[in-house]
Amino acid sequence: MGLLTDPATGEGIFTHSLLRYSNKTSFFLYVVAVIWFALLAHDEINMGTHFSENALLPGLVKGDYSEDEIAKSFLTELTNEVENSNGQMPIPYLMARFHQLGLEAYIHNFTLHYPLGKPTDMTGRNVYAILRAPRTASMESLVLNIPYRPLQSIYPSTLPGLALAMSMMKFFRRQRYWAKDIIILISEHEQLGVQAWLEAYHGTQCGMTGVLDSGDLEARGGAVQAAITLEIQAPRIDYIDVKVSGLNGQLPNLDLVNLLHRLCGKEGVRHTFHNVEAKTLRKPMDIYLQRLTTLLSMVTTQATGVPNGNHGLFHRFGIEAVTLEGVKSKKPSGGARFFQMGKVIEGVFRSMNNLLERFHQSYFFYLLPSSDRFVSISYYMPILALLTSTVLLKAYSTWMILHAKYAAVMLNEKCASEEKTSDTKTADDKTEDGDNQENSTAEEVDESLENLNLVRVGVIFLLTHGIGFLLISYVPAITQYLEGPTDKALFLGIASVSLATVLFTIVYKILFPVGTDWSFYFIFCRVELGLATMCIGIQNFSLGLIIAAIYVLPAHYVSPTQNRWYNKLLWLLFHPLCILYLIVLISTMFYFPELGLEALLSRSFQVTRTTLVYSAVDALIYGSWVYSICAGVVLPIWLMFWVGLVLC
Amino acid sequence: MENSLIVQILISTLLRYWLCNSEFKTSLQGRVEISTPINAWKNLVEGVTLLNNDVNPYDGDIFHESPLILHTFNFLLSSQNEWVCMSIPYIFILCDIISAVLLYYMAKSYMVQMVETEKKNKHKYAKNITRILINIEDAVNVPKYVALAYLYNPFSILNCICLTSTVFANLFLCLFFFAFVTKKPILSSIALTLTVLHNIYPVTLLVPACVHFHYCKKSWKLFVLSFFVCSSLLFYICLVLMHFDTSFIESTYGFQLTVPNLQPNIGLFWYFFTEMFEHFRVLFIVAFQINSICLYVLPLTLRLYKEPVLVAICLAGLAAVFKSYPCVGDVALYLALMPLCKYLFPFMQQGFIVVCFFIGCSMFAPTVWHLWIYTRSANANFYFGVTLAFATSQIFLLTDLLFACLKRDYTLENGIQKTINGKPARLVLD
């Protein structure tokens with residue numbers, strides 16, 4: 001226990017070098033973190049995927065599905081019905097069909113009271129049917145979800161997927177081996193329907209009370225073990241894209257993802273992750289770059305905290321889920337047909353039917369650089385630790401200086417004056433010197449105690465975080481109070497609050513004198529930044545990574561002693577709204593390179609406002625955390641640094 | 001008492017009042033860090049209801065409080081007067097405030113005594129160490145710091161608004177510390193009895209108390225005798241209250257000692273005993289309980305017999321770390337006693353790490369709990385990791401405190417020497 005018992009802790013070579021090269025060390029750590037992240041895409045670091053759960057037995061049985069002709073006729077019927085019902089969901093047809101197939105079919109009504117702006121209501125209806133397991137009581141169940149998209153939807157149609165799923169249910173109905181209920185859920189309004197159904201199924205409310213009225217269900221199956229969302233765009237598809245990112249960056253168990261890729265491979269269906277197929281390229285460099293781009297696109301998707309398919313809403317209920325998007329084939333021939341797709345889905349459901357326990361064997365925390373490679377948490381978490389350690393080490397070294405000063409004032413200086421006073425032969429002027437020193441040390445004690453001004457830290461902490469809390473809880477009130485479209489109102493609200501706080505700090509500085517030494521305050525700010533990012537990173541690694549990558553270096557170089565006006569100006573650029581605008585700007589430049597500068601700027605501004613509204617609405621309806629994290633953690637921390645910078 | 005302190009008490013009362021009536025209360029009451037099977041308000045209400053329905057509350061696995069608390073709350077909760085029922089949360093707040101006031105007077109008396117002792121021993125000290133002696137300013141400020149550390153500690157606020165019975169345990173412990181420092185053997189023995197009735201671990205405080213009373217020329221025999229008389233009396237009252245049914249012993253002390261409920265908490269028992277094979281259970285229960293009750297008493301008392309208050313603080317802290325069902329309320333109490341040792345702060349080394357770990361663990365624990373229980377992507381190891389880190393940081397804090405005391409004593413005797421024969425000197429603890 002040398003760490004505990006060595007009285008010389010803090011005087012060793014490690015501390016000295018840390019104090020001396022603090023800036024360089026931090027920069028070095030940052031660079032190491034970036035390199036480490038880049039290396040994750042390399043095959044030496046990441047690992048090949050494998051099955052951990054033996055009970056899945058993927059592809060062990062030969063598939064029997066041969067209802068593809070029936071799927072085609074369902075598709076024709078469905079297309080007709082939809083056209084007859086003006087693009088709305090053909091509920092009577094679906095109910096009749098399900099009853100005919102021998103399933104219990106029910107309708108689920110839900111209402112959304114839109115929380116922003118003027119009160120408006122939106123209603124929706126889901127249809128679901130339950131195939132009761134013949135072998136057991138309804139203890140567990142599996143869900144097959146198909147989002148229904150009306151004809152006027154901007155997204156590609158999912159009717160082929162619905163037809164396929166209905167033919168699957170017809171096939172499943174005749175099999176005797178089911179040990180779990182199978183629920184087919186046709187949901188309306190994209191993710192809203194699934195959210196309402198899940199809330200009704202589990203009898204909870206995830207968002208703000210009174211926003212989504214999820215109603216009740218007439219019948220339930222057992223506890224849902226897994227769910228598959230089908231978005232098949234055409235009877236003949238080019239490839240299946242497996243989507244994993246869920247709400248708040250949660251991911252399904254890796255075993256389920258592997259299962260889908262494995263079965264697609266077995267049935268000869270091309271399968272991709274983020275639209276990239278795991279095929280062998282010639283040059284190792286090409287492979288590496290491909291994996292790196294896939295990894296980056298996964299990180300950016302996960303960081304938004306928005307699910308990239310209906311599956312993402314299942315995760316929070318402990319249900320493993322993925323979305324299969326069958327992308328329409330552009331070529332006249334080739335690709336996978338209903339027959340192969342049906343075989344894949346049959347295989348998936350039979351494998352999941354084999355499960356004796358819920359998915360728990362494999363990884364829940366991973367990054368995928370390719371559909372057949374993964375990076376486990378133990379390889380990527382050190383990156384976040386390295387990034388946050390830059391600010392934490394800075395805080396530690398500042399603390400060491402403060403503590404050394406404090407201890408020195410208490411112990412050393414006295415020692416010096418002791419030598420002087422004990423030297424009795426010295427002349428009078430020397431003893432006067434000693435007296436002076438005594439006085440100065442007394443002042444130093446006061447000063448070093450002023451350093452540890454806990455009250456100041458506490459008050460500013462409470463005020464800044466209180467502002468964050470208000471911004472989170474009064475979003476509906478802001479949009480209702482301010483006239484005009486919600487996006488303008490919300491942006492105006494947040495921007496004016498930010499501006500007011502920034503200006504107030506400056507005015508306060510001009511009007512009132514404040515203490516000079518803010519080292520302790522900055523220690524606290526840095527510790528909070530470091531620990532909060534780690535905490536966010538445990539829940540949603542990508543979000544934590546991006547916040548850390550943006551904020552640690554500026555937070556490290558912010559200094560309480562030598563700050564000029566340009567430092568303050570630079571720190572203003574790191575306001576969360578500015579960062580959001582910059583991120584939107586860069587992605588707009590990336591996706592629409594043809595836009596002119598003016599169009600680019602105004603368009604990014606528009607997108608920024610809508611992003612704000614979307615994230616706020618997601619927080620209210622789905623209980624997404626991104627808005628709350630940005631307004632309740634990142635903004636207050638930024639503000640704390642700003643207050644420190646201006647006032648010191 | 002100073003006006004500024006009264007203002008602070010008012011503010012913190014309002015803060016507790018607001019939180020007590022806010023929407024956070026219900027969600028906080030369910031947190032395992034705050035409510036354990038022993039102190040949870042839910043279990044108390046359950047026990048009272050059982051009692052009212054003529055069911056022995058100690059028969060089941062729900063209620064583990066002492067009969068005294070059971071009957072007090074039976075009186076309060078079953079009262080026909082609605083004012084009494086409404087006032088229950090405010091009783092908890094009041095108890096917290098009284099604890100803080102007791103701590104304030106305790107600290108005041110302690111600082112006066114410390115200054116006097118140092119004045120008396122000044123001739124023994126090395127020259128020119130006046131700076132590390134306790135100055136007058138500290139003697140005025142430290143009591144305020146102690147009170148504020150209890151009033152504004154988030155842990156004690158959470159403990160209070162969740163209406164855990166640890167509030168009363170803390171009150172009695174504060175009373176004990178007050179009587180102990182102000183040298184009142186009988187009052188301290190009564191307070192200690194009341195504390196021990198709630199949970200068995202503070203019984204270790206008997207030893208430093210005896211040493212203290214012995215050095216203060218008070219009768220430690222009187223203290224021990226009155227402790228045994230009081231406990232017998234209280235035990236008899238409990239028996240009378242329970243109509244001479246002894247099942248409450250099994251359900252209170254037995255529950256604390258044999259740890260049958262393995263619901264996660266901030267302690268170290270639950271994880272270890274979920275993983276444990278059943279036939280080793282007795283062995284490790286005994287080992288764990290020896291560690292938490294009697295392992296540290298003698299060594300600490302023998303080494304630091306001149307500082308019984310410091311020993312008592314450390315024992316209270318060690319109990320909060322190692323007891324079978326700890327909660328943040330226990331941590332809050334000994335953290336509030338930390339400012340008493342302000343004169344040791346220049347000698348402490350691990351402050352930064354400990355503070356970082358405290359903040360970090362408070363943030364990480366709810367996060368990994370959410371991942372484990374709600375989204376099911378993490379598992380028990382994550383949460384245990386956090387509680388282990390929390391326990392480790394508390395151990396760091398207590399060890400650092402003890403070493404700081406040793407270093408200060410050494411410095412007082414030998415002076416501040418940075419060099420020996422011209423070379424930089426280094427302290428080595430062996």
# chains A, B, ... in the order shown; residues from 1 in each chain; ligands from 1
$ residues_around --residues "region 107-112 of chain A" --least-positions-apart "4" --cutoff "12 Å" --atoms "only C-alpha atoms" --output "JSON, numbers by chain"
{"A": [89, 90, 91, 92, 94, 95, 98, 116, 119, 120, 121, 122, 123, 124, 125, 126, 127, 128, 129, 130, 184, 185, 186, 187, 188, 189, 192, 193, 194, 195, 196, 197, 198, 199, 200, 201, 207, 208, 209, 210, 211, 212, 213, 214, 215, 216, 217, 218, 219, 220, 617, 620, 621, 622]}
$ interface_residues --of "chain B" --to "chain A" --cutoff "10 Å" --atoms "only C-alpha atoms" --output "PyMOL selection string"
chain B and resi 127-133+345-353+355-357+359-361+363-368+370-379+395-397+399-400+403-404+407+411+415-418+426-430
$ residues_around --residues "Glu277 (chain A)" --least-positions-apart "3" --cutoff "9 Å" --atoms "only C-alpha atoms" --output "ChimeraX atom specification"
/A:241,270-274,370-371
$ write_last_selection --atoms "N, CA and C atoms" --output "PDB file, in the first residue's frame"
ATOM      1  N   ASP A 241     -30.025  -4.484 -45.166  1.00  0.00           N
ATOM      2  CA  ASP A 241     -29.174  -3.701 -44.274  1.00  0.00           C
ATOM      3  C   ASP A 241     -29.653  -3.928 -42.840  1.00  0.00           C
ATOM      4  N   ARG A 270     -27.530 -10.921 -49.823  1.00  0.00           N
ATOM      5  CA  ARG A 270     -26.438  -9.998 -49.488  1.00  0.00           C
ATOM      6  C   ARG A 270     -26.845  -9.187 -48.265  1.00  0.00           C
ATOM      7  N   HIS A 271     -25.915  -9.030 -47.353  1.00  0.00           N
ATOM      8  CA  HIS A 271     -26.260  -8.339 -46.118  1.00  0.00           C
ATOM      9  C   HIS A 271     -25.198  -7.319 -45.795  1.00  0.00           C
ATOM     10  N   THR A 272     -25.629  -6.167 -45.299  1.00  0.00           N
ATOM     11  CA  THR A 272     -24.692  -5.061 -45.079  1.00  0.00           C
ATOM     12  C   THR A 272     -24.892  -4.471 -43.697  1.00  0.00           C
ATOM     13  N   PHE A 273     -23.898  -3.705 -43.272  1.00  0.00           N
ATOM     14  CA  PHE A 273     -24.041  -2.880 -42.076  1.00  0.00           C
ATOM     15  C   PHE A 273     -23.704  -1.455 -42.478  1.00  0.00           C
ATOM     16  N   HIS A 274     -24.603  -0.532 -42.224  1.00  0.00           N
ATOM     17  CA  HIS A 274     -24.469   0.836 -42.729  1.00  0.00           C
ATOM     18  C   HIS A 274     -24.193   0.840 -44.225  1.00  0.00           C
ATOM     19  N   SER A 370     -17.554  -3.351 -39.258  1.00  0.00           N
ATOM     20  CA  SER A 370     -17.960  -4.101 -40.439  1.00  0.00           C
ATOM     21  C   SER A 370     -19.005  -5.092 -39.950  1.00  0.00           C
ATOM     22  N   SER A 371     -19.702  -5.749 -40.884  1.00  0.00           N
ATOM     23  CA  SER A 371     -20.775  -6.629 -40.409  1.00  0.00           C
ATOM     24  C   SER A 371     -20.234  -7.883 -39.731  1.00  0.00           C
TER      25      SER A 371
END
$ closest_residue --among "A:Gly544, A:Pro369, A:Pro593, A:Gly644" --to "Gly249 (chain A)" --atoms "only C-alpha atoms"
A:Gly544
$ residues_around --residues "Leu194 (chain B)" --least-positions-apart "5" --cutoff "12 Å" --atoms "only C-alpha atoms" --output "number ranges by chain"
B: 66-69, 168-176, 187-189, 199-200, 202-203, 227-228, 230-235, 238
$ closest_residue --among "B:Glu33, B:Glu278, B:Asp59, B:Glu2" --to "Tyr105 (chain B)" --atoms "only C-alpha atoms"
B:Glu2
$ atom_distance --atom1 "CA of Asn453 (chain A)" --atom2 "CA of Ile637 (chain A)"
18.2 Å
$ closest_residue --among "B:Phe382, B:Phe244, B:Phe277, B:Tyr150" --to "Val331 (chain B)" --atoms "only C-alpha atoms"
B:Tyr150
$ residues_around --residues "Pro636 (chain A)" --least-positions-apart "6" --cutoff "7 Å" --atoms "only C-alpha atoms" --output "list in words"
Thr464, His465 and Gly468 of chain A
$ residues_around --residues "Leu5 (chain B)" --least-positions-apart "5" --cutoff "9 Å" --atoms "only C-alpha atoms" --output "list in words"
Leu10, Lys144, Ala147 and Leu148 of chain B
$ select_by_dssp --residues "region 173-420 of chain A" --states "helix (DSSP H, G or I)" --output "NGL selection string"
:A and (173 or 191-202 or 247-249 or 254-266 or 284-304 or 310-313 or 315-317 or 338-354 or 377-420)
$ select_by_dssp --residues "region 196-401 of chain A" --states "strand (DSSP E or B)" --output "MDAnalysis selection string"
chainID A and resid 212:213 223:232 237:243 271:273 276:277 320:328 336 366:370 373:376
$ write_last_selection --atoms "N, CA and C atoms" --output "compact mmCIF listing (two decimals), in the first residue's frame"
# COMPACT_ATOMS: atom_id res chain seq x y z
N LEU A 212 -48.12 11.40 -24.70
CA LEU A 212 -48.55 10.27 -25.53
C LEU A 212 -49.53 9.44 -24.72
N ASP A 213 -50.78 9.46 -25.17
CA ASP A 213 -51.80 8.66 -24.49
C ASP A 213 -51.82 7.31 -25.18
N ALA A 223 -43.79 -12.18 -21.92
CA ALA A 223 -42.73 -11.17 -21.92
C ALA A 223 -41.98 -11.23 -23.24
N VAL A 224 -41.83 -10.08 -23.87
CA VAL A 224 -41.21 -10.06 -25.19
C VAL A 224 -39.71 -10.27 -25.06
N GLN A 225 -39.21 -11.27 -25.78
CA GLN A 225 -37.78 -11.59 -25.70
C GLN A 225 -36.98 -10.88 -26.79
N ALA A 226 -37.54 -10.82 -27.98
CA ALA A 226 -36.81 -10.22 -29.08
C ALA A 226 -37.79 -9.69 -30.11
N ALA A 227 -37.33 -8.78 -30.93
CA ALA A 227 -38.20 -8.21 -31.96
C ALA A 227 -37.42 -7.96 -33.23
N ILE A 228 -38.09 -8.16 -34.34
CA ILE A 228 -37.48 -7.88 -35.64
C ILE A 228 -38.39 -6.89 -36.36
N THR A 229 -37.82 -5.81 -36.86
CA THR A 229 -38.60 -4.87 -37.66
C THR A 229 -38.23 -5.08 -39.13
N LEU A 230 -39.26 -5.22 -39.95
CA LEU A 230 -39.03 -5.47 -41.38
C LEU A 230 -39.37 -4.23 -42.18
N GLU A 231 -38.41 -3.77 -42.96
CA GLU A 231 -38.70 -2.68 -43.91
C GLU A 231 -38.27 -3.18 -45.28
N ILE A 232 -39.05 -4.09 -45.85
CA ILE A 232 -38.70 -4.62 -47.16
C ILE A 232 -39.36 -3.74 -48.21
N ILE A 237 -35.16 -7.72 -53.68
CA ILE A 237 -34.28 -6.71 -53.08
C ILE A 237 -32.83 -7.00 -53.42
N ASP A 238 -32.04 -5.93 -53.36
CA ASP A 238 -30.61 -6.06 -53.67
C ASP A 238 -29.87 -6.64 -52.46
N TYR A 239 -30.11 -6.06 -51.30
CA TYR A 239 -29.43 -6.53 -50.09
C TYR A 239 -30.25 -6.16 -48.87
N ILE A 240 -29.91 -6.78 -47.75
CA ILE A 240 -30.57 -6.45 -46.49
C ILE A 240 -29.59 -5.67 -45.63
N ASP A 241 -30.02 -4.48 -45.17
CA ASP A 241 -29.17 -3.70 -44.27
C ASP A 241 -29.65 -3.93 -42.84
N VAL A 242 -28.72 -4.32 -41.98
CA VAL A 242 -29.09 -4.60 -40.59
C VAL A 242 -28.80 -3.35 -39.76
N LYS A 243 -29.85 -2.81 -39.13
CA LYS A 243 -29.68 -1.56 -38.37
C LYS A 243 -29.75 -1.88 -36.88
N HIS A 271 -25.91 -9.03 -47.35
CA HIS A 271 -26.26 -8.34 -46.12
C HIS A 271 -25.20 -7.32 -45.79
N THR A 272 -25.63 -6.17 -45.30
CA THR A 272 -24.69 -5.06 -45.08
C THR A 272 -24.89 -4.47 -43.70
N PHE A 273 -23.90 -3.70 -43.27
CA PHE A 273 -24.04 -2.88 -42.08
C PHE A 273 -23.70 -1.45 -42.48
N VAL A 276 -22.66 -1.14 -46.05
CA VAL A 276 -21.35 -1.60 -46.52
C VAL A 276 -21.29 -3.12 -46.33
N GLU A 277 -20.98 -3.79 -47.40
CA GLU A 277 -20.93 -5.24 -47.34
C GLU A 277 -19.53 -5.69 -46.93
N GLU A 320 -34.34 -7.35 -27.13
CA GLU A 320 -33.30 -7.23 -28.16
C GLU A 320 -34.00 -7.09 -29.51
N ALA A 321 -33.61 -6.10 -30.28
CA ALA A 321 -34.32 -5.87 -31.53
C ALA A 321 -33.38 -5.28 -32.58
N VAL A 322 -33.64 -5.63 -33.85
CA VAL A 322 -32.93 -5.01 -34.97
C VAL A 322 -33.93 -4.73 -36.08
N THR A 323 -33.53 -3.83 -36.97
CA THR A 323 -34.35 -3.56 -38.16
C THR A 323 -33.65 -4.17 -39.36
N LEU A 324 -34.44 -4.84 -40.21
CA LEU A 324 -33.91 -5.35 -41.47
C LEU A 324 -34.49 -4.50 -42.58
N GLU A 325 -33.63 -3.76 -43.24
CA GLU A 325 -34.12 -2.95 -44.35
C GLU A 325 -33.73 -3.63 -45.65
N GLY A 326 -34.73 -4.09 -46.40
CA GLY A 326 -34.45 -4.70 -47.71
C GLY A 326 -34.44 -3.61 -48.75
N VAL A 327 -33.26 -3.31 -49.30
CA VAL A 327 -33.15 -2.20 -50.23
C VAL A 327 -33.45 -2.69 -51.64
N LYS A 328 -34.33 -1.93 -52.29
CA LYS A 328 -34.85 -2.29 -53.62
C LYS A 328 -33.71 -2.46 -54.62
N ALA A 336 -32.35 -10.86 -54.01
CA ALA A 336 -33.06 -11.87 -53.22
C ALA A 336 -34.56 -11.69 -53.37
N TYR A 366 -20.59 -2.47 -27.80
CA TYR A 366 -19.63 -2.79 -28.85
C TYR A 366 -19.70 -1.72 -29.93
N LEU A 367 -18.71 -1.72 -30.81
CA LEU A 367 -18.75 -0.91 -32.02
C LEU A 367 -18.50 -1.84 -33.18
N LEU A 368 -19.16 -1.59 -34.29
CA LEU A 368 -19.00 -2.48 -35.43
C LEU A 368 -18.29 -1.76 -36.57
N PRO A 369 -17.07 -2.15 -36.92
CA PRO A 369 -16.43 -1.56 -38.08
C PRO A 369 -16.83 -2.26 -39.39
N SER A 370 -17.55 -3.35 -39.26
CA SER A 370 -17.96 -4.10 -40.44
C SER A 370 -19.01 -5.09 -39.95
N ARG A 373 -17.03 -7.87 -38.01
CA ARG A 373 -15.98 -7.54 -37.04
C ARG A 373 -16.59 -6.67 -35.95
N PHE A 374 -16.04 -6.77 -34.74
CA PHE A 374 -16.55 -5.89 -33.68
C PHE A 374 -15.43 -5.48 -32.75
N VAL A 375 -15.67 -4.37 -32.04
CA VAL A 375 -14.73 -3.86 -31.05
C VAL A 375 -15.44 -3.92 -29.71
N SER A 376 -14.83 -4.58 -28.75
CA SER A 376 -15.52 -4.72 -27.47
C SER A 376 -15.25 -3.51 -26.58
$ residues_around --residues "Ile550 (chain A)" --least-positions-apart "6" --cutoff "12 Å" --atoms "only C-alpha atoms" --output "PyMOL selection string"
chain A and resi 30+387-388+529+533+543-544+556+571+573-576+578-580+582-583+634+638
$ write_last_selection --atoms "N, CA and C atoms" --output "PDB file, in the first residue's frame"
ATOM      1  N   TYR A  30      -4.296  13.302 -25.687  1.00  0.00           N
ATOM      2  CA  TYR A  30      -5.346  13.516 -26.686  1.00  0.00           C
ATOM      3  C   TYR A  30      -4.965  12.854 -28.003  1.00  0.00           C
ATOM      4  N   LEU A 387      -9.180  10.640 -23.050  1.00  0.00           N
ATOM      5  CA  LEU A 387      -9.642  12.001 -23.347  1.00  0.00           C
ATOM      6  C   LEU A 387      -9.988  12.743 -22.068  1.00  0.00           C
ATOM      7  N   THR A 388     -10.748  12.078 -21.172  1.00  0.00           N
ATOM      8  CA  THR A 388     -11.143  12.793 -19.963  1.00  0.00           C
ATOM      9  C   THR A 388      -9.964  12.966 -19.015  1.00  0.00           C
ATOM     10  N   LEU A 529     -16.517  18.272 -15.704  1.00  0.00           N
ATOM     11  CA  LEU A 529     -16.531  17.963 -17.139  1.00  0.00           C
ATOM     12  C   LEU A 529     -16.041  16.541 -17.379  1.00  0.00           C
ATOM     13  N   THR A 533     -18.579  13.496 -18.640  1.00  0.00           N
ATOM     14  CA  THR A 533     -18.417  12.873 -19.953  1.00  0.00           C
ATOM     15  C   THR A 533     -18.238  11.370 -19.823  1.00  0.00           C
ATOM     16  N   LEU A 543     -21.756   9.478 -27.951  1.00  0.00           N
ATOM     17  CA  LEU A 543     -22.065  10.846 -27.520  1.00  0.00           C
ATOM     18  C   LEU A 543     -20.986  11.356 -26.563  1.00  0.00           C
ATOM     19  N   GLY A 544     -20.610  10.492 -25.613  1.00  0.00           N
ATOM     20  CA  GLY A 544     -19.559  10.875 -24.676  1.00  0.00           C
ATOM     21  C   GLY A 544     -18.264  11.184 -25.407  1.00  0.00           C
ATOM     22  N   HIS A 556      -9.022  22.382 -21.221  1.00  0.00           N
ATOM     23  CA  HIS A 556      -7.697  22.234 -20.634  1.00  0.00           C
ATOM     24  C   HIS A 556      -6.895  23.519 -20.742  1.00  0.00           C
ATOM     25  N   TRP A 571     -13.792  30.846 -26.450  1.00  0.00           N
ATOM     26  CA  TRP A 571     -14.645  29.985 -25.626  1.00  0.00           C
ATOM     27  C   TRP A 571     -16.118  30.172 -26.001  1.00  0.00           C
ATOM     28  N   LEU A 573     -17.216  30.470 -28.888  1.00  0.00           N
ATOM     29  CA  LEU A 573     -17.458  29.610 -30.052  1.00  0.00           C
ATOM     30  C   LEU A 573     -17.811  28.194 -29.639  1.00  0.00           C
ATOM     31  N   PHE A 574     -17.449  27.828 -28.401  1.00  0.00           N
ATOM     32  CA  PHE A 574     -17.736  26.464 -27.955  1.00  0.00           C
ATOM     33  C   PHE A 574     -19.079  26.357 -27.241  1.00  0.00           C
ATOM     34  N   HIS A 575     -19.883  27.403 -27.344  1.00  0.00           N
ATOM     35  CA  HIS A 575     -21.246  27.313 -26.806  1.00  0.00           C
ATOM     36  C   HIS A 575     -21.979  26.175 -27.523  1.00  0.00           C
ATOM     37  N   PRO A 576     -22.755  25.357 -26.786  1.00  0.00           N
ATOM     38  CA  PRO A 576     -23.415  24.218 -27.423  1.00  0.00           C
ATOM     39  C   PRO A 576     -24.203  24.581 -28.675  1.00  0.00           C
ATOM     40  N   CYS A 578     -23.502  27.000 -30.820  1.00  0.00           N
ATOM     41  CA  CYS A 578     -22.518  27.212 -31.896  1.00  0.00           C
ATOM     42  C   CYS A 578     -21.998  25.873 -32.391  1.00  0.00           C
ATOM     43  N   ILE A 579     -21.730  24.966 -31.436  1.00  0.00           N
ATOM     44  CA  ILE A 579     -21.216  23.650 -31.822  1.00  0.00           C
ATOM     45  C   ILE A 579     -22.234  22.921 -32.685  1.00  0.00           C
ATOM     46  N   LEU A 580     -23.499  23.004 -32.276  1.00  0.00           N
ATOM     47  CA  LEU A 580     -24.561  22.346 -33.047  1.00  0.00           C
ATOM     48  C   LEU A 580     -24.601  22.909 -34.458  1.00  0.00           C
ATOM     49  N   LEU A 582     -22.211  24.379 -36.096  1.00  0.00           N
ATOM     50  CA  LEU A 582     -21.026  23.968 -36.853  1.00  0.00           C
ATOM     51  C   LEU A 582     -21.175  22.542 -37.348  1.00  0.00           C
ATOM     52  N   ILE A 583     -21.676  21.654 -36.471  1.00  0.00           N
ATOM     53  CA  ILE A 583     -21.829  20.257 -36.877  1.00  0.00           C
ATOM     54  C   ILE A 583     -22.815  20.159 -38.039  1.00  0.00           C
ATOM     55  N   VAL A 634     -24.089  19.770 -20.586  1.00  0.00           N
ATOM     56  CA  VAL A 634     -23.046  20.427 -21.386  1.00  0.00           C
ATOM     57  C   VAL A 634     -23.159  21.945 -21.276  1.00  0.00           C
ATOM     58  N   TRP A 638     -20.399  24.485 -19.733  1.00  0.00           N
ATOM     59  CA  TRP A 638     -19.852  25.564 -20.565  1.00  0.00           C
ATOM     60  C   TRP A 638     -20.003  26.897 -19.844  1.00  0.00           C
TER      61      TRP A 638
END
